[in-house]
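Have a look at coords_20.cif below; it lists mmCIF, N, CA and C atoms.
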```cif
data_input
#
loop_
_atom_site.group_PDB
_atom_site.id
_atom_site.type_symbol
_atom_site.label_atom_id
_atom_site.label_comp_id
_atom_site.auth_asym_id
_atom_site.auth_seq_id
_atom_site.Cartn_x
_atom_site.Cartn_y
_atom_site.Cartn_z
ATOM 1 N N MET A 1 12.575 -11.704 -14.342
ATOM 2 C CA MET A 1 11.726 -10.746 -13.621
ATOM 3 C C MET A 1 11.277 -9.661 -14.604
ATOM 4 N N SER A 2 9.989 -9.404 -14.634
ATOM 5 C CA SER A 2 9.481 -8.388 -15.554
ATOM 6 C C SER A 2 9.854 -6.994 -15.045
ATOM 7 N N ASN A 3 9.738 -6.024 -15.954
ATOM 8 C CA ASN A 3 10.043 -4.641 -15.575
ATOM 9 C C ASN A 3 9.145 -4.171 -14.434
ATOM 10 N N THR A 4 7.860 -4.541 -14.493
ATOM 11 C CA THR A 4 6.928 -4.093 -13.452
ATOM 12 C C THR A 4 7.297 -4.682 -12.098
ATOM 13 N N SER A 5 7.631 -5.972 -12.061
ATOM 14 C CA SER A 5 7.985 -6.553 -10.754
ATOM 15 C C SER A 5 9.316 -6.000 -10.256
ATOM 16 N N ALA A 6 10.226 -5.691 -11.165
ATOM 17 C CA ALA A 6 11.496 -5.067 -10.761
ATOM 18 C C ALA A 6 11.234 -3.674 -10.196
ATOM 19 N N LEU A 7 10.346 -2.930 -10.837
ATOM 20 C CA LEU A 7 10.004 -1.596 -10.342
ATOM 21 C C LEU A 7 9.282 -1.672 -9.000
ATOM 22 N N ARG A 8 8.403 -2.679 -8.845
ATOM 23 C CA ARG A 8 7.716 -2.868 -7.555
ATOM 24 C C ARG A 8 8.727 -3.148 -6.452
ATOM 25 N N SER A 9 9.699 -3.990 -6.748
ATOM 26 C CA SER A 9 10.733 -4.320 -5.770
ATOM 27 C C SER A 9 11.526 -3.073 -5.388
ATOM 28 N N LYS A 10 11.879 -2.276 -6.389
ATOM 29 C CA LYS A 10 12.610 -1.028 -6.151
ATOM 30 C C LYS A 10 11.765 -0.064 -5.317
ATOM 31 N N MET A 11 10.466 -0.012 -5.621
ATOM 32 C CA MET A 11 9.540 0.856 -4.896
ATOM 33 C C MET A 11 9.468 0.432 -3.422
ATOM 34 N N LYS A 12 9.377 -0.877 -3.164
ATOM 35 C CA LYS A 12 9.313 -1.372 -1.790
ATOM 36 C C LYS A 12 10.602 -1.078 -1.033
ATOM 37 N N GLN A 13 11.739 -1.269 -1.701
ATOM 38 C CA GLN A 13 13.025 -0.985 -1.059
ATOM 39 C C GLN A 13 13.110 0.481 -0.644
ATOM 40 N N LYS A 14 12.685 1.364 -1.546
ATOM 41 C CA LYS A 14 12.710 2.796 -1.235
ATOM 42 C C LYS A 14 11.771 3.101 -0.064
ATOM 43 N N ALA A 15 10.592 2.494 -0.058
ATOM 44 C CA ALA A 15 9.629 2.713 1.018
ATOM 45 C C ALA A 15 10.210 2.278 2.361
ATOM 46 N N LEU A 16 10.823 1.117 2.391
ATOM 47 C CA LEU A 16 11.402 0.631 3.649
ATOM 48 C C LEU A 16 12.521 1.543 4.126
ATOM 49 N N LYS A 17 13.303 2.041 3.184
ATOM 50 C CA LYS A 17 14.385 2.964 3.547
ATOM 51 C C LYS A 17 13.805 4.271 4.100
ATOM 52 N N GLU A 18 12.814 4.821 3.407
ATOM 53 C CA GLU A 18 12.219 6.089 3.818
ATOM 54 C C GLU A 18 11.467 5.968 5.147
ATOM 55 N N CYS A 19 10.942 4.780 5.449
ATOM 56 C CA CYS A 19 10.116 4.585 6.644
ATOM 57 C C CYS A 19 10.874 3.851 7.751
ATOM 58 N N ASP A 20 12.179 3.845 7.665
ATOM 59 C CA ASP A 20 13.001 3.093 8.610
ATOM 60 C C ASP A 20 12.709 3.455 10.064
ATOM 61 N N GLN A 21 12.493 4.745 10.353
ATOM 62 C CA GLN A 21 12.243 5.143 11.745
ATOM 63 C C GLN A 21 10.961 4.513 12.274
ATOM 64 N N TYR A 22 9.934 4.367 11.413
ATOM 65 C CA TYR A 22 8.676 3.758 11.828
ATOM 66 C C TYR A 22 8.824 2.243 11.982
ATOM 67 N N THR A 23 9.634 1.643 11.114
ATOM 68 C CA THR A 23 9.912 0.213 11.233
ATOM 69 C C THR A 23 10.590 -0.064 12.566
ATOM 70 N N SER A 24 11.550 0.777 12.929
ATOM 71 C CA SER A 24 12.271 0.607 14.195
ATOM 72 C C SER A 24 11.337 0.760 15.393
ATOM 73 N N LYS A 25 10.455 1.771 15.336
ATOM 74 C CA LYS A 25 9.509 1.992 16.448
ATOM 75 C C LYS A 25 8.580 0.789 16.609
ATOM 76 N N TYR A 26 8.110 0.241 15.483
ATOM 77 C CA TYR A 26 7.230 -0.919 15.539
ATOM 78 C C TYR A 26 7.986 -2.133 16.080
ATOM 79 N N ALA A 27 9.200 -2.329 15.606
ATOM 80 C CA ALA A 27 10.006 -3.463 16.060
ATOM 81 C C ALA A 27 10.280 -3.372 17.556
ATOM 82 N N GLN A 28 10.596 -2.173 18.041
ATOM 83 C CA GLN A 28 10.848 -1.984 19.475
ATOM 84 C C GLN A 28 9.599 -2.309 20.290
ATOM 85 N N CYS A 29 8.457 -1.894 19.789
ATOM 86 C CA CYS A 29 7.197 -2.170 20.481
ATOM 87 C C CYS A 29 6.916 -3.675 20.518
ATOM 88 N N ALA A 30 7.245 -4.368 19.446
ATOM 89 C CA ALA A 30 6.914 -5.784 19.310
ATOM 90 C C ALA A 30 7.828 -6.717 20.107
ATOM 91 N N VAL A 31 8.970 -6.225 20.549
ATOM 92 C CA VAL A 31 9.926 -7.073 21.261
ATOM 93 C C VAL A 31 9.257 -7.707 22.493
ATOM 94 N N GLY A 32 9.373 -9.033 22.573
ATOM 95 C CA GLY A 32 8.846 -9.761 23.722
ATOM 96 C C GLY A 32 7.348 -9.985 23.708
ATOM 97 N N ARG A 33 6.680 -9.577 22.674
ATOM 98 C CA ARG A 33 5.227 -9.747 22.598
ATOM 99 C C ARG A 33 4.874 -10.837 21.585
ATOM 100 N N THR A 34 3.720 -11.424 21.756
ATOM 101 C CA THR A 34 3.208 -12.360 20.753
ATOM 102 C C THR A 34 1.882 -11.798 20.254
ATOM 103 N N LEU A 35 0.791 -12.346 20.714
ATOM 104 C CA LEU A 35 -0.517 -11.864 20.261
ATOM 105 C C LEU A 35 -0.803 -10.425 20.658
ATOM 106 N N SER A 36 -0.292 -10.005 21.802
ATOM 107 C CA SER A 36 -0.601 -8.649 22.274
ATOM 108 C C SER A 36 -0.026 -7.562 21.367
ATOM 109 N N VAL A 37 0.879 -7.926 20.462
ATOM 110 C CA VAL A 37 1.448 -6.935 19.547
ATOM 111 C C VAL A 37 0.339 -6.271 18.729
ATOM 112 N N VAL A 38 -0.720 -7.027 18.446
ATOM 113 C CA VAL A 38 -1.819 -6.509 17.621
ATOM 114 C C VAL A 38 -2.435 -5.265 18.244
ATOM 115 N N TRP A 39 -2.725 -5.288 19.527
ATOM 116 C CA TRP A 39 -3.342 -4.107 20.149
ATOM 117 C C TRP A 39 -2.337 -3.193 20.844
ATOM 118 N N GLN A 40 -1.246 -3.743 21.336
ATOM 119 C CA GLN A 40 -0.262 -2.910 22.032
ATOM 120 C C GLN A 40 0.522 -2.011 21.068
ATOM 121 N N CYS A 41 0.679 -2.463 19.834
ATOM 122 C CA CYS A 41 1.513 -1.723 18.874
ATOM 123 C C CYS A 41 0.699 -1.181 17.702
ATOM 124 N N ARG A 42 -0.603 -1.050 17.887
ATOM 125 C CA ARG A 42 -1.432 -0.620 16.751
ATOM 126 C C ARG A 42 -1.100 0.801 16.291
ATOM 127 N N ILE A 43 -0.722 1.681 17.188
ATOM 128 C CA ILE A 43 -0.362 3.054 16.787
ATOM 129 C C ILE A 43 0.901 3.024 15.923
ATOM 130 N N GLN A 44 1.906 2.265 16.380
ATOM 131 C CA GLN A 44 3.149 2.159 15.610
ATOM 132 C C GLN A 44 2.894 1.478 14.267
ATOM 133 N N ALA A 45 2.026 0.468 14.255
ATOM 134 C CA ALA A 45 1.705 -0.230 13.005
ATOM 135 C C ALA A 45 1.011 0.718 12.029
ATOM 136 N N LYS A 46 0.092 1.538 12.544
ATOM 137 C CA LYS A 46 -0.610 2.492 11.679
ATOM 138 C C LYS A 46 0.359 3.523 11.109
ATOM 139 N N GLU A 47 1.257 4.032 11.960
ATOM 140 C CA GLU A 47 2.250 5.002 11.473
ATOM 141 C C GLU A 47 3.116 4.387 10.378
ATOM 142 N N LEU A 48 3.548 3.144 10.598
ATOM 143 C CA LEU A 48 4.371 2.461 9.606
ATOM 144 C C LEU A 48 3.597 2.254 8.308
ATOM 145 N N ASN A 49 2.367 1.763 8.410
ATOM 146 C CA ASN A 49 1.559 1.541 7.209
ATOM 147 C C ASN A 49 1.271 2.837 6.458
ATOM 148 N N ASP A 50 0.980 3.901 7.198
ATOM 149 C CA ASP A 50 0.729 5.195 6.552
ATOM 150 C C ASP A 50 1.962 5.663 5.794
ATOM 151 N N CYS A 51 3.128 5.506 6.420
ATOM 152 C CA CYS A 51 4.374 5.911 5.769
ATOM 153 C C CYS A 51 4.620 5.064 4.523
ATOM 154 N N LEU A 52 4.517 3.745 4.672
ATOM 155 C CA LEU A 52 4.773 2.847 3.534
ATOM 156 C C LEU A 52 3.835 3.152 2.370
ATOM 157 N N HIS A 53 2.589 3.456 2.693
ATOM 158 C CA HIS A 53 1.612 3.725 1.626
ATOM 159 C C HIS A 53 1.981 4.969 0.804
ATOM 160 N N GLN A 54 2.651 5.920 1.411
ATOM 161 C CA GLN A 54 3.080 7.116 0.670
ATOM 162 C C GLN A 54 4.033 6.743 -0.470
ATOM 163 N N TYR A 55 4.788 5.667 -0.275
ATOM 164 C CA TYR A 55 5.827 5.273 -1.232
ATOM 165 C C TYR A 55 5.467 4.032 -2.031
ATOM 166 N N THR A 56 4.339 3.389 -1.709
ATOM 167 C CA THR A 56 3.951 2.154 -2.407
ATOM 168 C C THR A 56 2.489 2.220 -2.815
ATOM 169 N N ASN A 57 2.192 3.045 -3.770
ATOM 170 C CA ASN A 57 0.828 3.100 -4.285
ATOM 171 C C ASN A 57 0.888 3.153 -5.812
ATOM 172 N N ASP A 58 -0.260 3.050 -6.436
ATOM 173 C CA ASP A 58 -0.310 2.989 -7.899
ATOM 174 C C ASP A 58 0.261 4.238 -8.559
ATOM 175 N N ALA A 59 0.041 5.389 -7.950
ATOM 176 C CA ALA A 59 0.552 6.639 -8.537
ATOM 177 C C ALA A 59 2.083 6.631 -8.550
ATOM 178 N N VAL A 60 2.684 6.156 -7.464
ATOM 179 C CA VAL A 60 4.149 6.083 -7.401
ATOM 180 C C VAL A 60 4.659 5.094 -8.440
ATOM 181 N N LEU A 61 4.012 3.933 -8.541
ATOM 182 C CA LEU A 61 4.429 2.923 -9.523
ATOM 183 C C LEU A 61 4.313 3.467 -10.951
ATOM 184 N N GLU A 62 3.235 4.158 -11.243
ATOM 185 C CA GLU A 62 3.062 4.720 -12.592
ATOM 186 C C GLU A 62 4.149 5.752 -12.901
ATOM 187 N N GLU A 63 4.507 6.562 -11.909
ATOM 188 C CA GLU A 63 5.570 7.546 -12.108
ATOM 189 C C GLU A 63 6.913 6.845 -12.345
ATOM 190 N N MET A 64 7.159 5.771 -11.610
ATOM 191 C CA MET A 64 8.398 5.020 -11.806
ATOM 192 C C MET A 64 8.436 4.404 -13.208
ATOM 193 N N LYS A 65 7.280 3.898 -13.672
ATOM 194 C CA LYS A 65 7.203 3.336 -15.031
ATOM 195 C C LYS A 65 7.483 4.427 -16.060
ATOM 196 N N ARG A 66 6.910 5.613 -15.836
ATOM 197 C CA ARG A 66 7.115 6.725 -16.766
ATOM 198 C C ARG A 66 8.595 7.103 -16.822
ATOM 199 N N GLN A 67 9.221 7.200 -15.661
ATOM 200 C CA GLN A 67 10.654 7.529 -15.610
ATOM 201 C C GLN A 67 11.484 6.463 -16.318
ATOM 202 N N TYR A 68 11.126 5.201 -16.092
ATOM 203 C CA TYR A 68 11.840 4.090 -16.723
ATOM 204 C C TYR A 68 11.726 4.183 -18.247
ATOM 205 N N MET A 69 10.522 4.460 -18.731
ATOM 206 C CA MET A 69 10.307 4.554 -20.183
ATOM 207 C C MET A 69 11.095 5.730 -20.767
ATOM 208 N N LEU A 70 11.133 6.845 -20.046
ATOM 209 C CA LEU A 70 11.912 7.988 -20.512
ATOM 210 C C LEU A 70 13.395 7.643 -20.597
ATOM 211 N N GLN A 71 13.894 6.900 -19.601
ATOM 212 C CA GLN A 71 15.298 6.480 -19.613
ATOM 213 C C GLN A 71 15.570 5.555 -20.801
ATOM 214 N N GLN A 72 14.630 4.633 -21.050
ATOM 215 C CA GLN A 72 14.815 3.699 -22.160
ATOM 216 C C GLN A 72 14.773 4.437 -23.500
ATOM 217 N N ASP A 73 13.869 5.408 -23.619
ATOM 218 C CA ASP A 73 13.806 6.206 -24.844
ATOM 219 C C ASP A 73 15.096 6.977 -25.038
ATOM 220 N N GLY A 74 15.633 7.514 -23.975
ATOM 221 C CA GLY A 74 16.881 8.264 -24.033
ATOM 222 C C GLY A 74 18.042 7.395 -24.478
ATOM 223 N N LYS A 75 18.091 6.182 -24.015
ATOM 224 C CA LYS A 75 19.161 5.244 -24.388
ATOM 225 C C LYS A 75 19.055 4.886 -25.867
ATOM 226 N N GLY A 76 17.833 4.653 -26.314
ATOM 227 C CA GLY A 76 17.620 4.266 -27.713
ATOM 228 C C GLY A 76 17.931 5.387 -28.686
ATOM 229 N N SER A 77 17.506 6.587 -28.360
ATOM 230 C CA SER A 77 17.697 7.704 -29.287
ATOM 231 C C SER A 77 19.130 8.209 -29.292
ATOM 232 N N ALA A 78 19.885 7.964 -28.238
ATOM 233 C CA ALA A 78 21.278 8.425 -28.192
ATOM 234 C C ALA A 78 22.114 7.729 -29.250
ATOM 235 N N GLY A 79 21.802 6.448 -29.511
ATOM 236 C CA GLY A 79 22.577 5.715 -30.501
ATOM 237 C C GLY A 79 22.137 5.976 -31.925
ATOM 238 N N GLU A 80 21.033 6.647 -32.116
ATOM 239 C CA GLU A 80 20.478 6.859 -33.467
ATOM 240 C C GLU A 80 21.027 8.101 -34.139
ATOM 241 N N VAL A 81 21.711 8.970 -33.431
ATOM 242 C CA VAL A 81 22.142 10.254 -33.986
ATOM 243 C C VAL A 81 23.134 10.119 -35.046
#
```

Translate the structure described by the file into structure tokens.
Amino acid sequence: MSNTSALRSKMKQKALKECDQYTSKYAQCAVGRTLSVVWQCRIQAKELNDCLHQYTNDAVLEEMKRQYMLQQDGKGSAGEV
């Protein structure tokens, strides 16, 4: 797994954790529904998507990459002293 895909996975995990209340609301709405979930739960779906997007966008990924690179630089330079 490349560093980027590992960071994406970590980013998604954090998003799901942070948006757990919206996931639960959507799941509760969807119980017992099939096709009607699309229109009956659209408000909950929008809230969930809006929340997830806060934690899963290019800016967040770039910041995670920057943090990762700083950590790697720190590890490398610690042994050089």

May I have the residues within 7 Å of A:Tyr55 as a list of chain:residue names, using only C-alpha atoms and disregarding those fewer than 4 positions away in the same chain?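 Close residues of A:Tyr55: A:Met11, A:Ala15, A:Val60.
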
Could you check how far atom CA of A:Tyr26 sits from atom CA of A:Asn57, in Å to one decimal? 21.2 Å

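Among the candidate residues A:Gln13, A:Gln71, A:Arg8, A:Asn3, the one lying nearest to A:Ala59 is A:Arg8, with distances computed using only C-alpha atoms.
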
May I have the protein, DNA and RNA residues with any atom at most 12 Å from the point (-0.1, -0.4, 15.2), counting only C-alpha atoms, written as a PyMOL selection string? chain A and resi 22-23+25-30+36-50

Residues flagged alpha helix (DSSP H) by DSSP in chain A, as a ChimeraX atom specification: /A:3-18,20-30,37-40,42-55,58-78

Could you state the separation of atom N of A:Gln67 and atom N of A:Ser9 in Å, given to one decimal place?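 Distance reported for this atom pair: 14.3 Å.
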
When you draw a straight line from atom CA of A:Gly32 to atom C of A:His53, how long is it in Å?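 So the two atoms, atom CA of A:Gly32 and atom C of A:His53, lie 28.1 Å apart.
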
Kindly complete stretch 8-26 of chain A to N, CA, C and O atoms; the output should be written as a PDB file, in the frame of the given file.
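Saved file part_17.pdb follows:
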```
ATOM      1  N   ARG A   8       8.403  -2.679  -8.845  1.00  0.00           N
ATOM      2  CA  ARG A   8       7.716  -2.868  -7.555  1.00  0.00           C
ATOM      3  C   ARG A   8       8.727  -3.148  -6.452  1.00  0.00           C
ATOM      4  O   ARG A   8       8.622  -2.608  -5.353  1.00  0.00           O
ATOM      5  N   SER A   9       9.699  -3.990  -6.748  1.00  0.00           N
ATOM      6  CA  SER A   9      10.733  -4.320  -5.770  1.00  0.00           C
ATOM      7  C   SER A   9      11.526  -3.073  -5.388  1.00  0.00           C
ATOM      8  O   SER A   9      11.779  -2.821  -4.205  1.00  0.00           O
ATOM      9  N   LYS A  10      11.879  -2.276  -6.389  1.00  0.00           N
ATOM     10  CA  LYS A  10      12.610  -1.028  -6.151  1.00  0.00           C
ATOM     11  C   LYS A  10      11.765  -0.064  -5.317  1.00  0.00           C
ATOM     12  O   LYS A  10      12.269   0.595  -4.400  1.00  0.00           O
ATOM     13  N   MET A  11      10.466  -0.012  -5.621  1.00  0.00           N
ATOM     14  CA  MET A  11       9.540   0.856  -4.896  1.00  0.00           C
ATOM     15  C   MET A  11       9.468   0.432  -3.422  1.00  0.00           C
ATOM     16  O   MET A  11       9.522   1.279  -2.524  1.00  0.00           O
ATOM     17  N   LYS A  12       9.377  -0.877  -3.164  1.00  0.00           N
ATOM     18  CA  LYS A  12       9.313  -1.372  -1.790  1.00  0.00           C
ATOM     19  C   LYS A  12      10.602  -1.078  -1.033  1.00  0.00           C
ATOM     20  O   LYS A  12      10.565  -0.699   0.142  1.00  0.00           O
ATOM     21  N   GLN A  13      11.739  -1.269  -1.701  1.00  0.00           N
ATOM     22  CA  GLN A  13      13.025  -0.985  -1.059  1.00  0.00           C
ATOM     23  C   GLN A  13      13.110   0.481  -0.644  1.00  0.00           C
ATOM     24  O   GLN A  13      13.554   0.804   0.458  1.00  0.00           O
ATOM     25  N   LYS A  14      12.685   1.364  -1.546  1.00  0.00           N
ATOM     26  CA  LYS A  14      12.710   2.796  -1.235  1.00  0.00           C
ATOM     27  C   LYS A  14      11.771   3.101  -0.064  1.00  0.00           C
ATOM     28  O   LYS A  14      12.117   3.858   0.840  1.00  0.00           O
ATOM     29  N   ALA A  15      10.592   2.494  -0.058  1.00  0.00           N
ATOM     30  CA  ALA A  15       9.629   2.713   1.018  1.00  0.00           C
ATOM     31  C   ALA A  15      10.210   2.278   2.361  1.00  0.00           C
ATOM     32  O   ALA A  15      10.100   3.006   3.351  1.00  0.00           O
ATOM     33  N   LEU A  16      10.823   1.117   2.391  1.00  0.00           N
ATOM     34  CA  LEU A  16      11.402   0.631   3.649  1.00  0.00           C
ATOM     35  C   LEU A  16      12.521   1.543   4.126  1.00  0.00           C
ATOM     36  O   LEU A  16      12.640   1.806   5.320  1.00  0.00           O
ATOM     37  N   LYS A  17      13.303   2.041   3.184  1.00  0.00           N
ATOM     38  CA  LYS A  17      14.385   2.964   3.547  1.00  0.00           C
ATOM     39  C   LYS A  17      13.805   4.271   4.100  1.00  0.00           C
ATOM     40  O   LYS A  17      14.247   4.769   5.133  1.00  0.00           O
ATOM     41  N   GLU A  18      12.814   4.821   3.407  1.00  0.00           N
ATOM     42  CA  GLU A  18      12.219   6.089   3.818  1.00  0.00           C
ATOM     43  C   GLU A  18      11.467   5.968   5.147  1.00  0.00           C
ATOM     44  O   GLU A  18      11.358   6.943   5.888  1.00  0.00           O
ATOM     45  N   CYS A  19      10.942   4.780   5.449  1.00  0.00           N
ATOM     46  CA  CYS A  19      10.116   4.585   6.644  1.00  0.00           C
ATOM     47  C   CYS A  19      10.874   3.851   7.751  1.00  0.00           C
ATOM     48  O   CYS A  19      10.252   3.331   8.680  1.00  0.00           O
ATOM     49  N   ASP A  20      12.179   3.845   7.665  1.00  0.00           N
ATOM     50  CA  ASP A  20      13.001   3.093   8.610  1.00  0.00           C
ATOM     51  C   ASP A  20      12.709   3.455  10.064  1.00  0.00           C
ATOM     52  O   ASP A  20      12.665   2.588  10.932  1.00  0.00           O
ATOM     53  N   GLN A  21      12.493   4.745  10.353  1.00  0.00           N
ATOM     54  CA  GLN A  21      12.243   5.143  11.745  1.00  0.00           C
ATOM     55  C   GLN A  21      10.961   4.513  12.274  1.00  0.00           C
ATOM     56  O   GLN A  21      10.874   4.124  13.432  1.00  0.00           O
ATOM     57  N   TYR A  22       9.934   4.367  11.413  1.00  0.00           N
ATOM     58  CA  TYR A  22       8.676   3.758  11.828  1.00  0.00           C
ATOM     59  C   TYR A  22       8.824   2.243  11.982  1.00  0.00           C
ATOM     60  O   TYR A  22       8.224   1.641  12.875  1.00  0.00           O
ATOM     61  N   THR A  23       9.634   1.643  11.114  1.00  0.00           N
ATOM     62  CA  THR A  23       9.912   0.213  11.233  1.00  0.00           C
ATOM     63  C   THR A  23      10.590  -0.064  12.566  1.00  0.00           C
ATOM     64  O   THR A  23      10.234  -1.012  13.274  1.00  0.00           O
ATOM     65  N   SER A  24      11.550   0.777  12.929  1.00  0.00           N
ATOM     66  CA  SER A  24      12.271   0.607  14.195  1.00  0.00           C
ATOM     67  C   SER A  24      11.337   0.760  15.393  1.00  0.00           C
ATOM     68  O   SER A  24      11.400  -0.024  16.342  1.00  0.00           O
ATOM     69  N   LYS A  25      10.455   1.771  15.336  1.00  0.00           N
ATOM     70  CA  LYS A  25       9.509   1.992  16.448  1.00  0.00           C
ATOM     71  C   LYS A  25       8.580   0.789  16.609  1.00  0.00           C
ATOM     72  O   LYS A  25       8.319   0.338  17.723  1.00  0.00           O
ATOM     73  N   TYR A  26       8.110   0.241  15.483  1.00  0.00           N
ATOM     74  CA  TYR A  26       7.230  -0.919  15.539  1.00  0.00           C
ATOM     75  C   TYR A  26       7.986  -2.133  16.080  1.00  0.00           C
ATOM     76  O   TYR A  26       7.465  -2.865  16.934  1.00  0.00           O
TER      77      TYR A  26
END
```
